[in-house]
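Structure below is upload-v4.cif: mmCIF, C-alpha atoms (C1' of nucleotides).
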```
data_entry
#
loop_
_atom_site.label_atom_id
_atom_site.label_comp_id
_atom_site.auth_asym_id
_atom_site.auth_seq_id
_atom_site.Cartn_x
_atom_site.Cartn_y
_atom_site.Cartn_z
CA MET V 2 0.00 0.00 0.00
CA ALA V 3 2.73 2.47 0.94
CA THR V 4 4.49 4.14 -1.97
CA ALA V 5 8.25 3.64 -2.17
CA PRO V 6 10.04 6.66 -0.76
CA ARG V 7 12.37 8.46 -3.14
CA THR V 8 14.79 9.44 -0.43
CA THR V 9 15.16 8.87 3.30
CA SER V 10 11.60 9.24 4.50
CA ARG V 11 10.60 10.51 7.90
CA ALA V 12 9.56 6.99 8.82
CA GLU V 13 12.90 5.57 7.71
CA LYS V 14 14.81 8.18 9.61
CA GLY V 15 12.71 7.31 12.62
CA VAL V 16 13.50 3.63 12.22
CA ALA V 17 17.24 4.33 11.88
CA ARG V 18 17.09 6.45 15.01
CA GLN V 19 15.23 3.68 16.81
CA GLU V 20 18.03 1.28 15.87
CA GLN V 21 20.68 3.71 17.05
CA ILE V 22 18.87 4.12 20.36
CA ARG V 23 18.47 0.38 20.85
CA LEU V 24 22.13 -0.30 20.19
CA ALA V 25 23.32 2.44 22.55
CA ALA V 26 20.83 1.38 25.20
CA SER V 27 21.76 -2.29 25.01
CA ARG V 28 25.44 -1.47 25.48
CA LEU V 29 24.73 0.74 28.46
CA PHE V 30 22.38 -1.81 30.02
CA VAL V 31 25.16 -4.41 29.78
CA GLU V 32 27.91 -2.10 31.02
CA LYS V 33 26.06 -0.58 33.97
CA GLY V 34 23.07 -2.86 34.47
CA PHE V 35 19.46 -2.03 33.63
CA ASP V 36 18.90 0.11 36.71
CA GLY V 37 22.44 1.46 36.68
CA ALA V 38 22.01 2.98 33.22
CA SER V 39 19.78 6.05 33.21
CA MET V 40 17.67 7.44 30.40
CA GLN V 41 19.98 10.46 30.62
CA ASP V 42 22.97 8.18 29.84
CA ILE V 43 21.16 6.82 26.81
CA ALA V 44 20.09 10.27 25.64
CA ASP V 45 23.68 11.50 25.92
CA ALA V 46 24.95 8.52 23.95
CA VAL V 47 22.71 9.32 20.99
CA GLY V 48 22.96 13.11 21.23
CA LEU V 49 19.48 13.88 22.46
CA THR V 50 18.04 15.43 25.58
CA LYS V 51 15.97 13.21 27.82
CA PRO V 52 12.58 14.51 26.57
CA GLY V 53 13.95 14.15 23.05
CA LEU V 54 14.66 10.50 23.76
CA TYR V 55 11.13 10.03 25.10
CA HIS V 56 9.86 11.11 21.73
CA PHE V 57 11.16 7.79 20.36
CA VAL V 58 10.66 5.37 23.24
CA GLU V 59 7.59 4.78 25.31
CA SER V 60 9.42 3.90 28.53
CA LYS V 61 12.65 2.38 29.78
CA GLU V 62 11.07 -1.02 30.30
CA GLU V 63 9.50 -0.96 26.85
CA LEU V 64 12.90 -0.14 25.37
CA LEU V 65 14.48 -3.15 27.07
CA THR V 66 11.60 -5.37 26.01
CA GLU V 67 12.00 -4.38 22.38
CA ILE V 68 15.75 -5.11 22.51
CA VAL V 69 15.34 -8.52 24.10
CA ASP V 70 12.42 -9.48 21.91
CA ALA V 71 14.35 -8.64 18.75
CA GLY V 72 17.29 -10.69 20.04
CA VAL V 73 15.20 -13.75 20.76
CA GLU V 74 13.42 -13.43 17.44
CA ARG V 75 16.74 -13.36 15.62
CA LEU V 76 17.91 -16.40 17.56
CA GLU V 77 14.79 -18.30 16.55
CA ARG V 78 15.08 -17.29 12.90
CA GLU V 79 18.83 -17.61 12.33
CA VAL V 80 19.78 -20.41 14.69
CA ILE V 81 16.95 -22.56 15.98
CA GLU V 82 14.87 -22.94 12.83
CA PRO V 83 17.75 -23.69 10.42
CA ALA V 84 19.23 -26.21 12.86
CA ARG V 85 15.87 -27.92 13.42
CA ALA V 86 15.56 -28.52 9.70
CA ILE V 87 18.59 -30.85 9.67
CA LYS V 88 17.76 -34.53 9.95
CA ASP V 89 21.03 -36.17 11.08
CA PRO V 90 21.49 -35.53 14.82
CA GLU V 91 25.26 -35.11 14.59
CA ALA V 92 25.00 -32.58 11.77
CA ARG V 93 22.12 -30.84 13.55
CA LEU V 94 24.17 -30.50 16.73
CA ALA V 95 27.18 -29.17 14.83
CA ALA V 96 25.02 -26.65 12.98
CA MET V 97 23.34 -25.51 16.17
CA ILE V 98 26.71 -24.76 17.79
CA ARG V 99 28.15 -23.07 14.73
CA LEU V 100 25.10 -20.93 13.99
CA HIS V 101 24.77 -19.95 17.64
CA VAL V 102 28.41 -18.86 17.96
CA GLU V 103 28.14 -16.92 14.72
CA ASN V 104 24.89 -15.28 15.78
CA ILE V 105 26.53 -14.13 19.01
CA SER V 106 29.55 -12.85 17.09
CA HIS V 107 27.60 -10.90 14.48
CA VAL V 108 27.76 -7.74 16.58
CA GLU V 109 31.33 -6.90 17.46
CA SER V 110 31.68 -4.46 20.32
CA ASP V 111 33.66 -3.91 23.46
CA VAL V 112 31.00 -5.67 25.50
CA GLY V 113 30.56 -8.64 23.18
CA ASN V 114 27.10 -8.86 21.66
CA PRO V 115 25.08 -6.68 24.02
CA VAL V 116 21.76 -8.14 22.96
CA THR V 117 22.96 -11.64 23.79
CA ALA V 118 24.17 -10.41 27.17
CA LEU V 119 20.71 -9.00 27.88
CA VAL V 120 18.92 -12.10 26.63
CA GLU V 121 21.12 -14.14 28.97
CA ASN V 122 20.23 -11.98 31.96
CA LEU V 123 16.63 -10.85 31.94
CA ILE V 124 16.77 -8.39 34.85
CA GLY V 125 14.52 -5.41 34.14
CA LEU V 126 11.71 -7.32 32.45
CA ASN V 127 8.49 -7.86 34.34
CA ASP V 128 7.66 -11.41 35.41
CA ALA V 129 5.31 -12.21 32.54
CA ARG V 130 7.76 -11.08 29.89
CA ARG V 131 10.71 -12.80 31.55
CA LEU V 132 8.78 -16.06 31.65
CA GLU V 133 7.82 -15.73 28.00
CA MET V 134 11.45 -15.15 26.99
CA GLU V 135 12.69 -18.03 29.12
CA GLY V 136 10.19 -20.29 27.40
CA ARG V 137 11.33 -19.25 23.95
CA LEU V 138 14.99 -19.61 24.94
CA ARG V 139 14.32 -23.13 26.16
CA GLN V 140 14.01 -24.22 22.52
CA VAL V 141 17.79 -24.05 22.25
CA PHE V 142 18.14 -26.58 25.05
CA GLU V 143 15.46 -28.80 23.58
CA VAL V 144 17.02 -28.97 20.14
CA ILE V 145 20.43 -29.83 21.60
CA ARG V 146 19.22 -32.38 24.11
CA GLY V 147 16.97 -33.87 21.46
CA ALA V 148 19.96 -34.41 19.19
CA LEU V 149 21.91 -35.98 22.05
CA ASP V 150 19.01 -38.29 22.91
CA GLU V 151 18.81 -39.46 19.31
CA LEU V 152 22.55 -40.13 19.27
CA LYS V 153 22.18 -42.09 22.48
CA ALA V 154 19.33 -44.18 21.03
CA GLU V 155 21.54 -45.00 18.06
CA GLY V 156 24.38 -46.07 20.38
CA ARG V 157 26.57 -43.21 19.20
CA LEU V 158 26.83 -41.33 22.51
CA ALA V 159 29.98 -41.62 24.62
CA ASP V 160 29.74 -43.46 27.95
CA GLY V 161 29.17 -41.68 31.26
CA LEU V 162 27.24 -38.71 29.84
CA ASP V 163 23.90 -37.40 31.01
CA THR V 164 22.18 -35.80 28.02
CA THR V 165 20.69 -32.99 30.12
CA VAL V 166 24.03 -32.04 31.66
CA SER V 167 25.72 -32.34 28.28
CA ALA V 168 23.14 -30.14 26.57
CA PHE V 169 23.52 -27.40 29.20
CA SER V 170 27.30 -27.76 29.00
CA ILE V 171 27.26 -27.17 25.26
CA ILE V 172 25.07 -24.12 25.73
CA GLY V 173 27.51 -22.91 28.40
CA MET V 174 30.47 -23.22 26.03
CA VAL V 175 28.64 -21.25 23.38
CA MET V 176 27.21 -18.52 25.62
CA TRP V 177 30.52 -18.03 27.39
CA THR V 178 32.11 -16.87 24.12
CA ASN V 179 30.25 -13.62 24.65
CA ARG V 180 32.22 -13.08 27.86
CA TRP V 181 35.70 -13.54 26.48
CA ARG V 182 35.85 -13.18 22.72
CA ARG V 183 36.50 -9.63 21.50
CA PRO V 184 36.86 -8.32 17.97
CA GLY V 185 40.38 -7.69 16.75
CA GLY V 186 41.83 -10.55 18.75
CA ARG V 187 43.66 -13.59 17.44
CA LEU V 188 40.52 -15.69 17.16
CA THR V 189 37.87 -15.11 14.52
CA SER V 190 34.32 -16.22 15.20
CA LYS V 191 34.85 -19.04 12.70
CA ALA V 192 37.97 -20.26 14.50
CA VAL V 193 36.09 -20.22 17.78
CA ALA V 194 33.13 -22.06 16.30
CA ASP V 195 35.44 -24.67 14.72
CA SER V 196 37.19 -25.36 18.00
CA ILE V 197 33.98 -25.59 20.02
CA VAL V 198 32.36 -27.90 17.47
CA ALA V 199 35.48 -30.10 17.58
CA LEU V 200 35.52 -30.21 21.38
CA ALA V 201 31.79 -30.79 21.77
CA LEU V 202 31.44 -33.46 19.08
CA HIS V 203 34.60 -35.30 20.08
CA GLY V 204 33.35 -35.09 23.67
CA VAL V 205 29.86 -36.46 23.15
CA LEU V 206 30.43 -39.01 20.39
CA LYS V 207 31.61 -42.53 21.05
CA ALA V 208 35.24 -42.83 19.96
CA MET P 12 44.91 -11.56 72.71
CA ALA P 13 41.12 -11.64 73.03
CA THR P 14 39.74 -13.96 75.69
CA ALA P 15 37.52 -16.79 74.49
CA PRO P 16 33.86 -15.88 74.93
CA ARG P 17 31.81 -18.27 77.12
CA THR P 18 28.64 -17.74 75.17
CA THR P 19 27.57 -15.89 72.05
CA SER P 20 29.48 -12.65 72.38
CA ARG P 21 28.38 -9.35 71.03
CA ALA P 22 31.13 -9.61 68.43
CA GLU P 23 29.98 -13.10 67.39
CA LYS P 24 26.38 -11.99 67.16
CA GLY P 25 27.58 -9.12 65.03
CA VAL P 26 29.45 -11.52 62.77
CA ALA P 27 26.41 -13.77 62.42
CA ARG P 28 24.32 -10.77 61.53
CA GLN P 29 26.94 -9.69 59.00
CA GLU P 30 26.68 -13.11 57.38
CA GLN P 31 22.89 -12.93 57.32
CA ILE P 32 23.07 -9.52 55.69
CA ARG P 33 25.61 -10.63 53.08
CA LEU P 34 23.55 -13.65 52.11
CA ALA P 35 20.34 -11.65 51.80
CA ALA P 36 22.10 -8.89 49.90
CA SER P 37 23.80 -11.26 47.48
CA ARG P 38 20.49 -12.90 46.62
CA LEU P 39 18.81 -9.56 46.06
CA PHE P 40 21.72 -8.25 43.96
CA VAL P 41 21.40 -11.32 41.73
CA GLU P 42 17.62 -11.20 41.51
CA LYS P 43 17.21 -7.47 40.86
CA GLY P 44 20.72 -6.32 39.91
CA PHE P 45 23.02 -4.18 42.06
CA ASP P 46 21.22 -0.93 41.34
CA GLY P 47 17.82 -2.59 41.19
CA ALA P 48 18.08 -3.83 44.76
CA SER P 49 17.72 -1.03 47.30
CA MET P 50 19.13 -0.83 50.81
CA GLN P 51 15.50 -0.82 51.88
CA ASP P 52 14.99 -4.21 50.18
CA ILE P 53 17.99 -5.61 52.03
CA ALA P 54 16.88 -4.14 55.35
CA ASP P 55 13.41 -5.66 54.88
CA ALA P 56 14.91 -9.06 54.10
CA VAL P 57 16.80 -9.18 57.39
CA GLY P 58 14.15 -7.48 59.52
CA LEU P 59 15.85 -4.15 60.07
CA THR P 60 15.10 -0.57 59.19
CA LYS P 61 17.40 1.20 56.78
CA PRO P 62 19.39 3.06 59.48
CA GLY P 63 19.57 -0.20 61.43
CA LEU P 64 21.17 -1.84 58.41
CA TYR P 65 23.67 1.01 58.16
CA HIS P 66 24.82 0.14 61.64
CA PHE P 67 26.34 -3.04 60.16
CA VAL P 68 27.47 -1.98 56.70
CA GLU P 69 29.50 1.01 55.71
CA SER P 70 27.91 1.52 52.32
CA LYS P 71 26.18 -0.37 49.56
CA GLU P 72 29.34 -0.59 47.48
CA GLU P 73 31.37 -1.79 50.47
CA LEU P 74 28.77 -4.49 51.08
CA LEU P 75 29.07 -5.75 47.51
CA THR P 76 32.86 -5.61 47.68
CA GLU P 77 32.91 -7.76 50.82
CA ILE P 78 30.62 -10.33 49.21
CA VAL P 79 32.64 -10.59 46.01
CA ASP P 80 35.97 -10.59 47.82
CA ALA P 81 34.90 -13.44 50.09
CA GLY P 82 33.70 -15.38 47.03
CA VAL P 83 36.97 -14.98 45.15
CA GLU P 84 38.97 -15.83 48.26
CA ARG P 85 37.02 -19.04 48.67
CA LEU P 86 37.56 -19.90 45.02
CA GLU P 87 41.30 -19.44 45.40
CA ARG P 88 41.45 -21.48 48.60
CA GLU P 89 39.10 -24.34 47.75
CA VAL P 90 39.53 -24.68 44.00
CA ILE P 91 42.59 -23.05 42.49
CA GLU P 92 45.22 -23.91 45.11
CA PRO P 93 44.26 -27.57 45.56
CA ALA P 94 44.12 -28.08 41.79
CA ARG P 95 47.47 -26.36 41.23
CA ALA P 96 49.11 -28.81 43.62
CA ILE P 97 48.38 -31.75 41.30
CA LYS P 98 51.23 -32.67 39.00
CA ASP P 99 49.61 -34.73 36.24
CA PRO P 100 47.81 -32.36 33.83
CA GLU P 101 44.91 -34.72 33.20
CA ALA P 102 44.27 -35.22 36.92
CA ARG P 103 44.75 -31.49 37.53
CA LEU P 104 42.17 -30.60 34.89
CA ALA P 105 39.69 -33.15 36.26
CA ALA P 106 40.17 -31.85 39.80
CA MET P 107 39.77 -28.25 38.69
CA ILE P 108 36.42 -29.01 37.06
CA ARG P 109 35.15 -31.13 39.94
CA LEU P 110 36.20 -28.70 42.68
CA HIS P 111 34.82 -25.74 40.76
CA VAL P 112 31.41 -27.34 40.22
CA GLU P 113 31.26 -28.39 43.86
CA ASN P 114 32.29 -24.93 45.03
CA ILE P 115 29.48 -23.40 42.98
CA SER P 116 27.01 -25.95 44.34
CA HIS P 117 27.90 -25.50 48.00
CA VAL P 118 25.21 -22.84 48.43
CA GLU P 119 21.86 -24.14 47.33
CA SER P 120 19.29 -21.47 46.72
CA ASP P 121 16.63 -20.47 44.25
CA VAL P 122 19.13 -18.28 42.41
CA GLY P 123 21.95 -20.82 42.34
CA ASN P 124 25.00 -19.69 44.27
CA PRO P 125 24.43 -15.95 44.50
CA VAL P 126 28.07 -15.19 45.29
CA THR P 127 29.17 -16.98 42.13
CA ALA P 128 26.60 -15.05 40.14
CA LEU P 129 28.03 -11.77 41.46
CA VAL P 130 31.62 -12.83 40.92
CA GLU P 131 30.67 -13.61 37.34
CA ASN P 132 29.14 -10.20 36.78
CA LEU P 133 31.04 -7.43 38.52
CA ILE P 134 28.63 -4.54 37.91
CA GLY P 135 28.55 -2.25 40.95
CA LEU P 136 32.26 -2.45 41.74
CA ASN P 137 34.44 0.54 40.98
CA ASP P 138 36.99 0.16 38.19
CA ALA P 139 39.98 -0.57 40.43
CA ARG P 140 38.19 -3.29 42.35
CA ARG P 141 36.69 -4.83 39.24
CA LEU P 142 40.13 -5.01 37.64
CA GLU P 143 41.60 -6.61 40.75
CA MET P 144 38.87 -9.26 40.83
CA GLU P 145 39.20 -9.96 37.12
CA GLY P 146 42.93 -10.51 37.62
CA ARG P 147 42.37 -12.96 40.44
CA LEU P 148 39.67 -14.79 38.47
CA ARG P 149 42.04 -15.16 35.55
CA GLN P 150 43.96 -17.75 37.54
CA VAL P 151 41.18 -20.23 36.80
CA PHE P 152 41.75 -19.77 33.09
CA GLU P 153 45.51 -20.01 33.48
CA VAL P 154 45.42 -23.26 35.40
CA ILE P 155 43.09 -24.85 32.85
CA ARG P 156 44.89 -23.63 29.75
CA GLY P 157 48.21 -24.56 31.36
CA ALA P 158 47.02 -28.13 31.80
CA LEU P 159 45.79 -28.23 28.20
CA ASP P 160 49.13 -26.86 26.92
CA GLU P 161 51.00 -29.56 28.83
CA LEU P 162 48.74 -32.24 27.38
CA LYS P 163 49.35 -30.83 23.92
CA ALA P 164 53.14 -30.85 24.44
CA GLU P 165 52.88 -34.51 25.43
CA GLY P 166 50.87 -35.29 22.30
CA ARG P 167 47.78 -36.19 24.33
CA LEU P 168 45.48 -33.40 23.08
CA ALA P 169 42.81 -34.19 20.51
CA ASP P 170 43.22 -32.73 17.02
CA GLY P 171 41.60 -29.48 15.92
CA LEU P 172 41.51 -27.85 19.35
CA ASP P 173 42.77 -24.43 20.29
CA THR P 174 43.82 -24.51 23.95
CA THR P 175 42.53 -20.98 24.62
CA VAL P 176 39.10 -21.71 23.19
CA SER P 177 39.00 -25.06 24.98
CA ALA P 178 39.95 -23.54 28.32
CA PHE P 179 37.23 -20.90 28.06
CA SER P 180 34.78 -23.58 26.91
CA ILE P 181 35.47 -25.67 29.99
CA ILE P 182 34.98 -22.62 32.21
CA GLY P 183 31.72 -21.93 30.39
CA MET P 184 30.42 -25.45 31.04
CA VAL P 185 31.25 -25.11 34.73
CA MET P 186 29.94 -21.57 35.25
CA TRP P 187 26.73 -22.32 33.35
CA THR P 188 25.75 -24.88 36.01
CA ASN P 189 24.91 -21.91 38.20
CA ARG P 190 22.25 -20.90 35.70
CA TRP P 191 20.40 -24.16 35.43
CA ARG P 192 21.10 -26.51 38.32
CA ARG P 193 18.74 -26.10 41.25
CA PRO P 194 18.63 -27.99 44.55
CA GLY P 195 16.05 -30.72 44.84
CA GLY P 196 16.24 -31.65 41.18
CA ARG P 197 17.20 -35.00 39.69
CA LEU P 198 20.88 -34.11 39.43
CA THR P 199 23.17 -33.85 42.43
CA SER P 200 26.25 -31.67 42.23
CA LYS P 201 28.34 -34.84 42.10
CA ALA P 202 26.36 -36.22 39.16
CA VAL P 203 26.77 -32.91 37.33
CA ALA P 204 30.50 -32.81 38.06
CA ASP P 205 30.90 -36.43 36.89
CA SER P 206 29.15 -35.75 33.60
CA ILE P 207 31.06 -32.53 32.89
CA VAL P 208 34.40 -34.17 33.71
CA ALA P 209 33.50 -37.04 31.36
CA LEU P 210 32.49 -34.69 28.54
CA ALA P 211 35.45 -32.35 28.93
CA LEU P 212 38.14 -35.01 29.28
CA HIS P 213 36.72 -37.17 26.51
CA GLY P 214 36.53 -34.03 24.40
CA VAL P 215 40.05 -32.76 24.88
CA LEU P 216 42.02 -36.01 25.09
CA LYS P 217 43.21 -37.90 22.04
CA ALA P 218 41.07 -41.01 21.64
"C1'" DG K 30 11.37 16.74 16.60
"C1'" DT K 31 13.69 18.89 19.92
"C1'" DC K 32 14.01 21.93 23.53
"C1'" DT K 33 13.53 24.19 28.83
"C1'" DA K 34 11.47 23.46 32.95
"C1'" DT K 35 9.58 20.74 36.35
"C1'" DA K 36 6.82 17.33 38.67
"C1'" DA K 37 6.71 13.31 41.77
"C1'" DA K 38 8.94 9.51 43.60
"C1'" DC K 39 12.84 7.08 45.18
"C1'" DG K 40 17.68 6.43 46.08
"C1'" DG K 41 21.78 6.29 49.52
"C1'" DA K 42 23.08 8.01 53.57
"C1'" DT K 43 23.01 10.55 58.27
"C1'" DA K 44 21.42 13.05 62.75
"C1'" DG K 45 20.11 12.28 66.96
"C1'" DA K 46 16.79 10.13 70.42
"C1'" DC K 47 16.37 6.02 73.34
"C1'" DG G 24 21.70 -1.71 68.49
"C1'" DT G 25 17.67 0.03 66.73
"C1'" DC G 26 14.52 3.49 65.99
"C1'" DT G 27 11.97 8.15 63.80
"C1'" DA G 28 12.77 11.78 61.03
"C1'" DT G 29 15.02 13.88 57.42
"C1'" DC G 30 18.57 15.58 53.93
"C1'" DC G 31 19.65 15.91 49.33
"C1'" DG G 32 20.80 14.13 44.90
"C1'" DT G 33 19.00 11.44 41.06
"C1'" DT G 34 15.47 9.01 38.59
"C1'" DT G 35 11.57 8.25 35.36
"C1'" DA G 36 8.51 10.72 33.06
"C1'" DT G 37 5.64 14.74 31.37
"C1'" DA G 38 3.92 19.67 30.21
"C1'" DG G 39 4.21 22.92 27.07
"C1'" DA G 40 7.01 26.28 24.09
"C1'" DC G 41 9.16 26.63 19.45
#
```
Take the structure from the file and write it as structure tokens.
Amino acid sequence: MATAPRTTSRAEKGVARQEQIRLAASRLFVEKGFDGASMQDIADAVGLTKPGLYHFVESKEELLTEIVDAGVERLEREVIEPARAIKDPEARLAAMIRLHVENISHVESDVGNPVTALVENLIGLNDARRLEMEGRLRQVFEVIRGALDELKAEGRLADGLDTTVSAFSIIGMVMWTNRWRRPGGRLTSKAVADSIVALALHGVLKA
Amino acid sequence: MATAPRTTSRAEKGVARQEQIRLAASRLFVEKGFDGASMQDIADAVGLTKPGLYHFVESKEELLTEIVDAGVERLEREVIEPARAIKDPEARLAAMIRLHVENISHVESDVGNPVTALVENLIGLNDARRLEMEGRLRQVFEVIRGALDELKAEGRLADGLDTTVSAFSIIGMVMWTNRWRRPGGRLTSKAVADSIVALALHGVLKA
DNA sequence: GTCTATAAACGGATAGAC
DNA sequence: GTCTATCCGTTTATAGAC
């Protein structure tokens, strides 16, 4: 219905500004905590006054909700759904790890991927929203443990492993990359993904 | 120099109260974030008024510092030093994982081990103190990567692994237990430690 | 869209009585 | 050792001008 804009429309400028605000806010929320970062901090970071900022965001909590929701949506679209589509459990597990590491690494900043950090730590959301996000995030665990259970049923799982513990451990390896990997270092996201896939698959598969 | 008290001394009662305050505060800091938890919240949790609480703690930041410092000290004493004393790199790595998981599990609450959660996320500390804690925490990484490097030099490391990535991955598996394991569930801390040791050692050692 | 000014509530912290 | 009362800075958020 909408006609294609010839140049940067008001709506597009608004959307770009929204993105700029969300990025700055997510970094500050990670650096200082949700309550430690003020709307004034965010306004300063994007060159607005506080009332100017309120022209673009409804409230602080709504701003956080939008950031987290977009992060979980991306995770579902770019990681969970593509991995789920793979039939072989070993290949599905490998893809899940690789896509997840690469999704985390796709924003390169001095605080890792700030959206991932917020998704991992849902302080600031109200109870209903936090529960909803936790439910959606649980899909990651279910895909991984599902793959491990299939491998076990086929007799391909190494001895002495609990599939629940192993699934959480794999998630831990992947999520922890956001704590230590920084852009410009020796290790590219691909190198990290390669090494984690090697460790995890060698660890869970029968020799 | 002090004479042994015959019964609960004022000083001992004060110490017990200090412990009660630190436990309540650490839980609240984890649940709501450092800035999200107010001194009023903490006072309510221990049955004091706000000025009553200030009789026992110097400031909010000092309270957090004491909690984190005690947590890192315990980690050094119960995990890092005992593991370091083991000569064989494979046994050292196994001990490091087992002791670390058990150290995390030694407080069983609805937020995992709150001290570990704070140590993992140093928001609220000033820059100097955060840097000091990060330096002390780095010992965990160094012990683990050191063991992996020794294994590699002896030709016992599996192919395709980077020792830095593997060391961080092992830390991630261990730290993540604090996010998912809860008391009263199917898995004891020993069962979790067993499964992680099995996965990690099978993963990093040449078949 | 962006500002100045300000409301209304809450935060950490302290004074001083008992 | 614990209280009532209070200080003062900061916070989220809004009113209303341009």
Closest atom pairs, chain G residues within 9 Å of chain P, all atoms listed in the file, as a Markdown table:
```
| residue | atom | partner | partner_atom | distance |
| --- | --- | --- | --- | --- |
| G:DG24 | C1' | P:Gly63 | CA | 7.5 |
| G:DT25 | C1' | P:Gly63 | CA | 5.6 |
| G:DC26 | C1' | P:Gly63 | CA | 7.7 |
```
Open item on the list: Counting all atoms listed in the file, which residue out of P:Arg141, P:Arg156, P:His213, P:Arg192 sits closest to P:Ser120?
Closed with: P:Arg192
Open item on the list: What's around stretch 34-42 of chain K at 9 Å? Count only C-alpha atoms (C1' of nucleotides), leave out sequence neighbours fewer than 6 positions away in its own chain, and write the answer as a list in words.
Closed with: Ser49, Met50, Pro62, Tyr65, Ser70 and Lys71 of chain P; DC30, DG32, DT33, DT34, DT35, DA36, DT37 and DA38 of chain G
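Counting only C-alpha atoms, the residue from V:Lys33, V:Arg18, V:Arg23, V:Arg187 that sits nearest to chain P is V:Lys33.
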Open item on the list: Can you measure atom CA of P:Glu73 to atom CA of P:Leu129 for me? One decimal in Å is fine.
Closed with: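 If I compute the distance from atom CA of P:Glu73 to atom CA of P:Leu129, I get 13.9 Å.
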Task: Of the listed residues P:Asp205, P:Asp55, P:Glu72, P:Glu42, that which approaches P:Leu136 most closely, counting all atoms listed in the file - done: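 Distance minimum relative to P:Leu136 lands on P:Glu72.
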Reference answer for the PyMOL selection byres ((chain G and resi 28) around 9), as a PDB file with C-alpha atoms (C1' of nucleotides), in the coordinates of the input:
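Final file, selection.pdb:
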```pdb
ATOM      1  C1'  DA K  44      21.420  13.050  62.750  1.00  0.00           C
TER       2       DA K  44
ATOM      3  C1'  DT G  27      11.970   8.150  63.800  1.00  0.00           C
ATOM      4  C1'  DT G  29      15.020  13.880  57.420  1.00  0.00           C
TER       5       DT G  29
END
```
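Of the listed residues (P:Val151, P:Asp46, P:Leu34, P:Trp187), P:Asp46 comes nearest to chain K; the distances count only C-alpha atoms (C1' of nucleotides).
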TODO: Using only C-alpha atoms (C1' of nucleotides), select each residue of chain K with any atom at most 8 Å away from an atom of chain V, and give the selection as a list of chain:residue names.
DONE: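 Contact residues on the first chain: K:DG30, K:DT31, K:DC32.
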List as a tab-separated table every residue of chain P that is in contact with chain V, defined as an atom at most 10 Å from one of its atoms (using all atoms listed in the file), together with the nearest atom pair and the distance in Å rounded to one decimal, sorted by chain and then rising number.
```
residue	atom	partner	partner_atom	distance
P:Val41	CA	V:Ile124	CA	8.8
P:Glu42	CA	V:Ile124	CA	7.3
P:Lys43	CA	V:Ile124	CA	6.1
P:Gly44	CA	V:Ile124	CA	6.7
P:Phe45	CA	V:Gly34	CA	7.7
P:Asp46	CA	V:Asp36	CA	5.3
P:Gly47	CA	V:Asp36	CA	5.3
P:Ala48	CA	V:Asp36	CA	9.0
P:Glu131	CA	V:Arg180	CA	9.6
P:Asn132	CA	V:Gly34	CA	9.8
P:Leu133	CA	V:Lys33	CA	9.6
P:Ile134	CA	V:Lys33	CA	6.1
P:Gly135	CA	V:Lys33	CA	7.6
P:Ala169	CA	V:His203	CA	8.3
P:Asp170	CA	V:Ala199	CA	8.2
P:Gly171	CA	V:Ala199	CA	6.4
P:Leu172	CA	V:Ser196	CA	5.2
P:Asp173	CA	V:Ser196	CA	6.1
P:Thr174	CA	V:Ser196	CA	8.9
P:Thr175	CA	V:Leu188	CA	9.4
P:Val176	CA	V:Val193	CA	6.4
P:Ser177	CA	V:Ile197	CA	7.1
P:Ala178	CA	V:Met174	CA	9.8
P:Phe179	CA	V:Trp177	CA	7.3
P:Ser180	CA	V:Met174	CA	4.4
P:Ile181	CA	V:Met174	CA	6.8
P:Ile182	CA	V:Met174	CA	7.7
P:Gly183	CA	V:Met174	CA	4.7
P:Met184	CA	V:Ser170	CA	4.4
P:Val185	CA	V:Ser170	CA	7.4
P:Met186	CA	V:Gly173	CA	7.4
P:Trp187	CA	V:Gly173	CA	5.0
P:Thr188	CA	V:Phe169	CA	7.6
P:Arg190	CA	V:Gly173	CA	9.2
P:Trp191	CA	V:Phe169	CA	7.7
P:Arg192	CA	V:Val166	CA	9.1
P:Leu198	CA	V:Val166	CA	8.6
P:Ala202	CA	V:Asp163	CA	8.6
P:Val203	CA	V:Val166	CA	6.4
P:Ala204	CA	V:Val166	CA	9.1
P:Asp205	CA	V:Gly161	CA	7.9
P:Ser206	CA	V:Leu162	CA	5.2
P:Ile207	CA	V:Ser167	CA	7.1
P:Val208	CA	V:Leu162	CA	9.3
P:Ala209	CA	V:Gly161	CA	6.3
P:Leu210	CA	V:Gly204	CA	5.0
P:Ala211	CA	V:Gly204	CA	6.3
P:Leu212	CA	V:Gly204	CA	7.4
P:His213	CA	V:Gly204	CA	4.9
P:Gly214	CA	V:Gly204	CA	3.4
P:Val215	CA	V:Leu200	CA	6.3
P:Leu216	CA	V:Gly204	CA	8.8
P:Lys217	CA	V:His203	CA	9.2
P:Ala218	CA	V:Ala208	CA	6.3
```
Open item on the list: If I take atom CA of V:Val144 and atom CA of P:Gly196, how far is one from the other in Å, to one decimal?
Closed with: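 Pair atom CA of V:Val144 / atom CA of P:Gly196 returns 21.2 Å.
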- [ ] Report the distance between atom CA of P:Ala105 and atom CA of V:His101 in Å, rounded to one decimal place.
- [x]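 Interatomic distance here is 27.3 Å.
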